[in-house]
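Participant: What follows is model_35.cif, mmCIF, C-alpha atoms and all ligand atoms.
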data_my_file
#
loop_
_atom_site.label_atom_id
_atom_site.label_comp_id
_atom_site.auth_asym_id
_atom_site.auth_seq_id
_atom_site.Cartn_x
_atom_site.Cartn_y
_atom_site.Cartn_z
CA MET A 465 -6.98 17.73 -40.57
CA MET A 466 -10.25 19.47 -39.85
CA LEU A 467 -11.05 16.91 -37.17
CA SER A 468 -7.74 17.24 -35.38
CA SER A 469 -7.87 21.04 -35.22
CA THR A 470 -11.40 20.85 -33.82
CA ALA A 471 -10.19 18.33 -31.28
CA ALA A 472 -7.28 20.59 -30.37
CA LEU A 473 -9.65 23.52 -29.89
CA ALA A 474 -11.96 21.46 -27.69
CA HIS A 475 -8.93 20.50 -25.64
CA ALA A 476 -7.75 24.07 -25.25
CA THR A 477 -11.13 25.38 -24.08
CA GLU A 478 -11.77 22.43 -21.74
CA LYS A 479 -11.55 23.24 -18.01
CA PRO A 480 -8.17 22.03 -16.74
CA PHE A 481 -8.08 18.84 -14.68
CA ALA A 482 -5.04 17.00 -13.40
CA ILE A 483 -3.65 14.59 -10.86
CA ALA A 484 -0.26 13.91 -9.28
CA ILE A 485 0.63 10.96 -7.07
CA HIS A 486 3.60 9.79 -5.03
CA GLY A 487 4.64 6.44 -3.63
CA GLY A 488 7.23 7.70 -1.16
CA ALA A 489 10.68 9.27 -1.28
CA GLY A 490 13.99 7.97 -0.02
CA THR A 491 17.25 6.30 -0.88
CA ILE A 492 15.86 5.02 -4.13
CA GLN A 493 18.83 4.15 -6.34
CA LYS A 494 18.81 2.76 -9.84
CA ALA A 495 21.50 0.22 -8.92
CA LYS A 496 19.13 -1.41 -6.43
CA PHE A 497 16.51 -2.19 -9.08
CA THR A 498 16.41 -5.09 -11.50
CA PRO A 499 14.86 -4.02 -14.83
CA GLU A 500 11.80 -6.19 -14.02
CA ARG A 501 11.31 -4.61 -10.63
CA GLU A 502 11.64 -1.10 -12.00
CA LYS A 503 9.13 -1.91 -14.74
CA ALA A 504 6.64 -3.28 -12.19
CA TYR A 505 6.91 -0.14 -10.00
CA ARG A 506 6.44 2.13 -13.00
CA ALA A 507 3.41 0.12 -14.16
CA LYS A 508 1.79 0.36 -10.71
CA LEU A 509 2.39 4.14 -10.55
CA ALA A 510 0.85 4.51 -14.02
CA GLU A 511 -2.14 2.38 -12.98
CA ALA A 512 -2.70 4.57 -9.91
CA VAL A 513 -2.46 7.91 -11.70
CA GLU A 514 -4.71 6.65 -14.47
CA ALA A 515 -7.31 5.38 -11.98
CA GLY A 516 -7.48 8.88 -10.49
CA TYR A 517 -7.46 10.54 -13.90
CA ALA A 518 -10.39 8.41 -15.08
CA VAL A 519 -12.51 9.79 -12.21
CA LEU A 520 -11.65 13.37 -13.22
CA ASP A 521 -12.18 12.73 -16.92
CA LYS A 522 -15.73 11.53 -16.24
CA GLY A 523 -16.44 14.76 -14.35
CA GLY A 524 -15.90 13.27 -10.88
CA GLU A 525 -14.67 15.13 -7.82
CA SER A 526 -11.00 15.63 -6.96
CA LEU A 527 -11.62 13.92 -3.60
CA ASP A 528 -12.74 10.74 -5.36
CA ALA A 529 -9.81 10.89 -7.77
CA VAL A 530 -7.48 11.11 -4.77
CA THR A 531 -8.99 8.05 -3.06
CA ALA A 532 -9.13 6.04 -6.32
CA ALA A 533 -5.42 6.62 -6.95
CA ILE A 534 -4.44 5.97 -3.34
CA ASN A 535 -6.47 2.74 -3.19
CA VAL A 536 -4.37 1.30 -6.04
CA LEU A 537 -1.19 2.10 -4.11
CA GLU A 538 -2.60 0.87 -0.77
CA ASN A 539 -3.57 -2.42 -2.41
CA SER A 540 -0.06 -2.94 -3.79
CA PRO A 541 2.69 -4.51 -1.65
CA PHE A 542 5.26 -2.18 -3.30
CA PHE A 543 4.44 0.83 -1.17
CA ASN A 544 4.38 1.61 2.53
CA ALA A 545 0.59 1.94 2.92
CA GLY A 546 -2.13 -0.68 3.25
CA LYS A 547 -0.66 -3.98 1.98
CA GLY A 548 3.09 -3.47 2.21
CA ALA A 549 2.87 -1.22 5.28
CA VAL A 550 6.05 -1.33 7.36
CA TYR A 551 6.25 -3.21 10.68
CA THR A 552 6.16 -1.63 14.10
CA HIS A 553 8.62 -2.63 16.85
CA ASN A 554 5.99 -5.16 18.05
CA GLU A 555 5.77 -6.72 14.58
CA THR A 556 2.33 -5.37 13.73
CA HIS A 557 1.18 -2.69 11.29
CA GLU A 558 -0.29 0.65 12.39
CA MET A 559 -1.51 2.92 9.66
CA ASP A 560 -2.27 6.63 9.34
CA ALA A 561 -4.13 8.54 6.63
CA SER A 562 -5.73 11.90 5.95
CA ILE A 563 -7.68 13.73 3.26
CA MET A 564 -8.62 17.38 2.72
CA ASP A 565 -11.11 19.12 0.47
CA GLY A 566 -9.77 22.39 -0.98
CA LYS A 567 -13.18 23.93 -1.63
CA ASN A 568 -14.25 24.17 2.01
CA ARG A 569 -11.26 23.01 4.12
CA GLN A 570 -13.16 19.98 5.34
CA ALA A 571 -10.74 17.28 6.45
CA GLY A 572 -10.64 13.78 7.89
CA ALA A 573 -7.87 11.67 9.34
CA VAL A 574 -7.19 8.36 11.08
CA ALA A 575 -4.13 7.43 13.10
CA GLY A 576 -2.79 4.13 14.38
CA VAL A 577 -5.44 1.91 12.77
CA LYS A 578 -4.63 -1.79 12.51
CA HIS A 579 -7.58 -3.48 10.83
CA ILE A 580 -8.59 -1.13 8.02
CA GLU A 581 -7.80 -2.33 4.50
CA ASN A 582 -7.90 1.14 2.93
CA PRO A 583 -7.21 3.77 5.60
CA ILE A 584 -7.71 6.67 3.14
CA ASN A 585 -11.35 5.63 2.69
CA LEU A 586 -11.87 5.69 6.45
CA ALA A 587 -10.27 9.16 6.61
CA LYS A 588 -12.84 10.28 4.02
CA LEU A 589 -15.65 8.76 6.10
CA VAL A 590 -14.39 10.65 9.15
CA MET A 591 -14.57 13.85 7.10
CA GLU A 592 -18.00 13.18 5.70
CA GLU A 593 -19.79 11.24 8.43
CA SER A 594 -18.40 12.52 11.72
CA VAL A 595 -18.17 15.90 13.39
CA HIS A 596 -14.47 15.33 14.03
CA VAL A 597 -11.29 15.66 12.01
CA MET A 598 -9.05 12.95 13.47
CA LEU A 599 -9.89 9.60 15.05
CA SER A 600 -7.31 7.20 16.39
CA GLY A 601 -6.73 3.53 17.26
CA ASP A 602 -9.62 1.45 18.64
CA GLY A 603 -12.03 4.39 18.51
CA ALA A 604 -11.38 4.93 14.83
CA GLU A 605 -12.05 1.23 14.22
CA GLU A 606 -15.25 1.33 16.25
CA PHE A 607 -16.37 4.27 14.08
CA ALA A 608 -15.41 2.23 10.98
CA ARG A 609 -17.54 -0.69 12.15
CA LYS A 610 -20.50 1.61 12.75
CA GLN A 611 -20.06 2.92 9.20
CA GLY A 612 -20.26 -0.63 7.83
CA VAL A 613 -16.55 -1.01 7.11
CA THR A 614 -15.36 -4.63 7.41
CA LEU A 615 -12.36 -4.95 9.72
CA VAL A 616 -9.53 -7.14 8.46
CA ASP A 617 -6.80 -9.16 10.12
CA ASN A 618 -3.60 -7.23 10.75
CA ASN A 619 -1.54 -9.92 9.00
CA ILE A 620 -3.06 -9.17 5.59
CA PHE A 621 -0.55 -6.30 5.52
CA ASP A 622 2.44 -8.64 6.00
CA THR A 623 5.18 -8.80 3.39
CA GLU A 624 8.49 -10.59 3.60
CA GLY A 625 10.52 -7.64 2.38
CA ARG A 626 9.17 -5.30 5.07
CA TYR A 627 9.76 -7.94 7.74
CA LYS A 628 13.41 -8.26 6.74
CA SER A 629 13.63 -4.50 6.82
CA LEU A 630 12.28 -4.51 10.41
CA LEU A 631 14.91 -7.05 11.48
CA ARG A 632 17.65 -4.91 9.93
CA ALA A 633 16.27 -1.76 11.56
CA LYS A 634 16.12 -3.49 14.97
CA ALA A 635 19.70 -4.73 14.69
CA LYS A 636 20.91 -1.26 13.73
CA MET A 637 18.94 0.41 16.51
CA GLU A 638 20.22 -2.03 19.14
CA LYS A 639 23.81 -1.40 18.09
CA ALA A 640 23.32 2.36 17.98
CA GLU A 641 21.53 2.37 21.36
CA LYS A 642 24.47 0.51 22.92
CA GLU A 643 26.97 2.90 21.42
CA LEU A 644 25.03 6.12 21.96
CA LYS A 645 23.26 5.00 25.17
CA ASP A 646 20.22 6.96 24.07
CA TYR A 647 17.06 5.83 22.22
CA GLN A 648 16.43 9.23 20.63
CA ALA A 649 19.96 9.58 19.31
CA ALA A 650 19.94 5.98 18.06
CA HIS A 651 16.68 6.60 16.26
CA GLN A 652 18.05 9.75 14.71
CA SER A 653 21.03 7.78 13.39
CA LEU A 654 18.83 5.28 11.57
CA ASP A 655 19.10 5.51 7.77
CA THR A 656 16.51 7.40 5.76
CA GLU A 657 15.27 4.18 4.19
CA TYR A 658 13.58 3.22 7.48
CA LYS A 659 11.86 6.55 7.84
CA VAL A 660 10.27 7.16 4.49
CA GLY A 661 7.68 5.46 2.27
CA THR A 662 4.02 6.52 2.15
CA VAL A 663 1.64 7.19 -0.72
CA GLY A 664 -0.39 10.25 -1.65
CA ALA A 665 -2.33 12.10 -4.32
CA VAL A 666 -3.38 15.65 -5.17
CA ALA A 667 -5.98 16.43 -7.83
CA LEU A 668 -7.88 19.23 -9.59
CA ASP A 669 -11.35 18.46 -10.97
CA LYS A 670 -13.34 20.08 -13.78
CA MET A 671 -15.33 22.06 -11.21
CA GLY A 672 -12.08 23.81 -10.24
CA ASN A 673 -11.71 22.16 -6.82
CA ILE A 674 -8.49 20.69 -5.51
CA ALA A 675 -7.97 17.96 -2.88
CA ALA A 676 -5.11 16.13 -1.22
CA GLY A 677 -4.74 12.76 0.52
CA THR A 678 -1.97 10.74 2.14
CA SER A 679 -1.80 7.16 3.49
CA THR A 680 1.06 5.42 5.26
CA GLY A 681 2.32 2.59 7.41
CA GLY A 682 4.62 5.17 9.02
CA MET A 683 8.16 4.40 10.05
CA THR A 684 9.79 0.97 10.31
CA ASN A 685 10.31 -0.18 13.93
CA LYS A 686 8.13 2.63 15.32
CA ARG A 687 7.02 2.18 18.90
CA PHE A 688 5.08 3.78 21.75
CA GLY A 689 2.14 4.48 19.36
CA ARG A 690 4.26 6.85 17.30
CA ILE A 691 2.23 8.87 14.77
CA GLY A 692 3.90 10.71 11.90
CA ASP A 693 2.90 13.67 9.77
CA SER A 694 0.69 11.82 7.27
CA PRO A 695 -2.56 12.12 9.27
CA VAL A 696 -1.75 15.61 10.52
CA ILE A 697 -3.59 18.26 8.52
CA GLY A 698 -1.12 21.02 7.68
CA ALA A 699 1.92 18.76 8.05
CA GLY A 700 1.46 15.79 5.68
CA THR A 701 -1.69 16.90 3.88
CA PHE A 702 -3.26 20.26 3.09
CA ALA A 703 -5.69 21.66 0.51
CA GLU A 704 -7.42 24.99 -0.06
CA ASN A 705 -8.57 26.29 -3.44
CA GLU A 706 -7.09 29.74 -2.75
CA SER A 707 -3.54 28.40 -2.67
CA CYS A 708 -2.73 24.75 -3.34
CA ALA A 709 -3.07 21.09 -2.37
CA VAL A 710 -0.10 19.17 -0.99
CA SER A 711 0.66 15.57 0.01
CA ALA A 712 3.99 14.86 1.68
CA THR A 713 6.32 11.96 2.24
CA GLY A 714 9.39 12.02 4.41
CA HIS A 715 10.73 11.96 7.93
CA GLY A 716 7.47 12.78 9.68
CA GLU A 717 8.87 14.41 12.79
CA TYR A 718 10.36 17.19 10.65
CA PHE A 719 7.25 17.55 8.53
CA ILE A 720 5.17 18.03 11.67
CA ARG A 721 7.54 20.53 13.28
CA TYR A 722 7.91 22.53 10.07
CA ASN A 723 4.20 22.31 9.22
CA VAL A 724 5.32 21.52 5.70
CA ALA A 725 2.13 21.22 3.63
CA ALA A 726 0.50 24.30 5.14
CA ASP A 727 3.73 26.32 4.93
CA ILE A 728 3.96 25.69 1.17
CA CYS A 729 0.36 26.82 0.68
CA ALA A 730 0.88 29.87 2.93
CA ARG A 731 3.81 31.00 0.76
CA VAL A 732 1.57 30.72 -2.29
CA LYS A 733 -1.31 32.53 -0.61
CA TYR A 734 0.42 35.32 1.25
CA GLN A 735 3.60 35.82 -0.75
CA GLY A 736 2.13 35.26 -4.20
CA LYS A 737 4.71 32.61 -5.00
CA SER A 738 4.23 29.88 -7.60
CA ILE A 739 3.74 26.37 -6.23
CA GLU A 740 7.10 25.48 -7.72
CA GLN A 741 8.95 28.23 -5.87
CA ALA A 742 7.08 27.67 -2.60
CA GLY A 743 7.68 23.90 -2.73
CA ASN A 744 11.37 24.25 -3.57
CA GLU A 745 11.90 26.74 -0.76
CA VAL A 746 10.37 24.50 1.90
CA ILE A 747 11.91 21.22 0.70
CA HIS A 748 15.39 22.50 -0.15
CA ASP A 749 15.93 25.68 1.89
CA VAL A 750 13.95 24.91 5.06
CA LEU A 751 13.98 21.13 5.51
CA LEU A 752 17.28 20.03 4.00
CA PRO A 753 19.56 22.22 6.17
CA VAL A 754 17.98 20.82 9.36
CA GLY A 755 18.11 17.19 8.16
CA GLY A 756 14.46 16.78 7.15
CA THR A 757 14.42 14.35 4.24
CA GLY A 758 11.50 13.80 1.90
CA GLY A 759 9.35 15.40 -0.75
CA VAL A 760 5.90 16.65 -1.68
CA ILE A 761 3.49 16.74 -4.60
CA ILE A 762 1.64 20.03 -5.16
CA ILE A 763 -1.22 21.15 -7.43
CA ASP A 764 -3.09 24.44 -7.88
CA THR A 765 -6.47 25.32 -9.41
CA LYS A 766 -4.86 26.15 -12.77
CA GLY A 767 -3.60 22.58 -13.02
CA ASN A 768 0.06 23.45 -12.38
CA MET A 769 1.89 20.60 -10.65
CA SER A 770 5.24 20.49 -8.88
CA LEU A 771 7.00 17.48 -7.30
CA PRO A 772 10.09 18.63 -5.32
CA PHE A 773 12.12 16.23 -3.13
CA ASN A 774 15.50 16.35 -1.44
CA THR A 775 16.19 12.58 -1.44
CA LYS A 776 17.77 10.38 -4.12
CA GLY A 777 14.38 9.61 -5.60
CA MET A 778 10.62 9.75 -5.21
CA TYR A 779 8.09 7.42 -6.80
CA ARG A 780 5.82 9.81 -8.67
CA ALA A 781 3.43 10.24 -11.60
CA THR A 782 1.22 12.92 -13.14
CA LYS A 783 -1.43 13.21 -15.81
CA SER A 784 -3.58 16.13 -16.95
CA ASN A 785 -6.03 16.95 -19.72
CA THR A 786 -3.15 18.54 -21.62
CA THR A 787 -0.21 16.29 -20.67
CA PRO A 788 0.20 12.52 -21.05
CA THR A 789 1.03 10.13 -18.22
CA TYR A 790 4.44 10.90 -16.74
CA VAL A 791 6.04 8.35 -14.41
CA ALA A 792 9.38 8.76 -12.65
CA ILE A 793 11.37 7.25 -9.81
CA PHE A 794 14.87 8.70 -9.79
CA LYS A 795 16.20 12.24 -9.76
CA ASP A 796 16.47 14.08 -13.10
CA GLU A 797 13.85 12.08 -14.96
N1 LIG B 801 5.90 10.63 6.60
C1 LIG B 801 5.70 9.29 7.02
C2 LIG B 801 5.84 9.21 8.51
O1 LIG B 801 6.71 9.85 9.06
C3 LIG B 801 6.66 8.34 6.44
C4 LIG B 801 6.88 8.51 5.01
O2 LIG B 801 6.48 9.44 4.37
O3 LIG B 801 7.48 7.62 4.46
O4 LIG B 801 5.11 8.45 9.12
#
For this file, produce the structure as structure tokens.
Ligand code: ASP
Facilitator:
Amino acid sequence: MMLSSTAALAHATEKPFAIAIHGGAGTIQKAKFTPEREKAYRAKLAEAVEAGYAVLDKGGESLDAVTAAINVLENSPFFNAGKGAVYTHNETHEMDASIMDGKNRQAGAVAGVKHIENPINLAKLVMEESVHVMLSGDGAEEFARKQGVTLVDNNIFDTEGRYKSLLRAKAKMEKAEKELKDYQAAHQSLDTEYKVGTVGAVALDKMGNIAAGTSTGGMTNKRFGRIGDSPVIGAGTFAENESCAVSATGHGEYFIRYNVAADICARVKYQGKSIEQAGNEVIHDVLLPVGGTGGVIIIDTKGNMSLPFNTKGMYRATKSNTTPTYVAIFKDE
């Protein structure tokens, strides 16, 4: 009895620390899952959030918690980042990632990389080892090589499921292009499932600093070197201690045009709103009416977390020093 009340007291006076992760939002429906598949997704989400939490628990930095959690998701074929990244129109994989440090607004990003096993780690290297914020394509890979990163074959990211998804997306696009006689309109008509995926994490460490990171294979059947919101600071990723840290997943073109992550933090900073209110406003009142599908994970320096999305589901998980591991996929969990 004595022991447990002492433990409870220690818990209550401990500095808050917490992490939230996502593995993408979209047309995720319970009917499409076998019990085994659902269990495997939940286990992987739990593994990722716990990998990040372990860093925080040991007194590590929120930035390292973010990369630890994202690495688990990048290394899993279940999610559209790293292994399991979607296919481009040319049947390759082009990945984007970004990371931001809430204590000083340092940030790093990579776009359109093809031979980097863990793009979030390269984004962190860009932040820490270069004078730039965003590097792209061959240049980003040349920088990686100079930093001692081993380049990998593009086909290590191949998965059968994503390939079938590309073939379906191509067939749908061809049909729509014939009917609509317009690439843009045909693209717009493509189902949400081809436009969303992505993984991300936001964390608060014991030093009171927050960070956010996002990593993605982008959009199925993308072409012309298309880059989404995930590597764009302010759109797919944002962090500043004075307001909040956000990682987004969704139809990137909307998230860029509506500057989603930064808009949420601006509402917190300048309008004094809670992260929950600010997130709900942007996801449900701003994005949904214009057709922008997706969701975000948000954290503040008190350890509050909010995970709003306007799709059928979002792979997500949280853990803090006062709350146990929470894992969810569908709405209303
Ligand atoms: N936002 C990503 C992009 O547009 C995709 C996603 O989140 O699934 O590239």
Participant: Any idea what the distance is between atom CA of Asp693 of chain A and atom CA of Gly677 of chain A?
Facilitator: 12.0 Å
Participant: Counting all atoms listed in the file, name the residues that have an atom within 8 Å of an atom of ligand LIG 801 (chain B); the answer should be given as a ChimeraX atom specification.
Facilitator: /A:488-490,544,560,659-663,680-683,691-694,700,712-717,719,758
Participant: Now that the selection is made, can you save its residues with C-alpha atoms as a compact mmCIF listing (two decimals), keeping the file's coordinate frame?
Facilitator:
# COMPACT_ATOMS: atom_id res chain seq x y z
CA GLY A 488 7.23 7.70 -1.16
CA ALA A 489 10.68 9.27 -1.28
CA GLY A 490 13.99 7.97 -0.02
CA ASN A 544 4.38 1.61 2.53
CA ASP A 560 -2.27 6.63 9.34
CA LYS A 659 11.86 6.55 7.84
CA VAL A 660 10.27 7.16 4.49
CA GLY A 661 7.68 5.46 2.27
CA THR A 662 4.02 6.52 2.15
CA VAL A 663 1.64 7.19 -0.72
CA THR A 680 1.06 5.42 5.26
CA GLY A 681 2.32 2.59 7.41
CA GLY A 682 4.62 5.17 9.02
CA MET A 683 8.16 4.40 10.05
CA ILE A 691 2.23 8.87 14.77
CA GLY A 692 3.90 10.71 11.90
CA ASP A 693 2.90 13.67 9.77
CA SER A 694 0.69 11.82 7.27
CA GLY A 700 1.46 15.79 5.68
CA ALA A 712 3.99 14.86 1.68
CA THR A 713 6.32 11.96 2.24
CA GLY A 714 9.39 12.02 4.41
CA HIS A 715 10.73 11.96 7.93
CA GLY A 716 7.47 12.78 9.68
CA GLU A 717 8.87 14.41 12.79
CA PHE A 719 7.25 17.55 8.53
CA GLY A 758 11.50 13.80 1.90
Participant: What gap, in Å, lies between atom CA of Ala549 of chain A and atom CA of Asp602 of chain A?
Facilitator: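 Separating atom CA of Ala549 of chain A from atom CA of Asp602 of chain A is a distance of 18.5 Å.
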Participant: What's the 12 Å shell around Cys729 of chain A, counting all atoms listed in the file, without same-chain residues fewer than 6 positions away, as a PyMOL selection string?
Facilitator: chain A and resi 566+698-699+701-711+723+735-743+745-746+760-764
Participant: A:Ala495, A:Ile483, A:Ile697, A:Thr614: which is nearest Ser562 of chain A, counting only C-alpha atoms?
Facilitator: A:Ile697
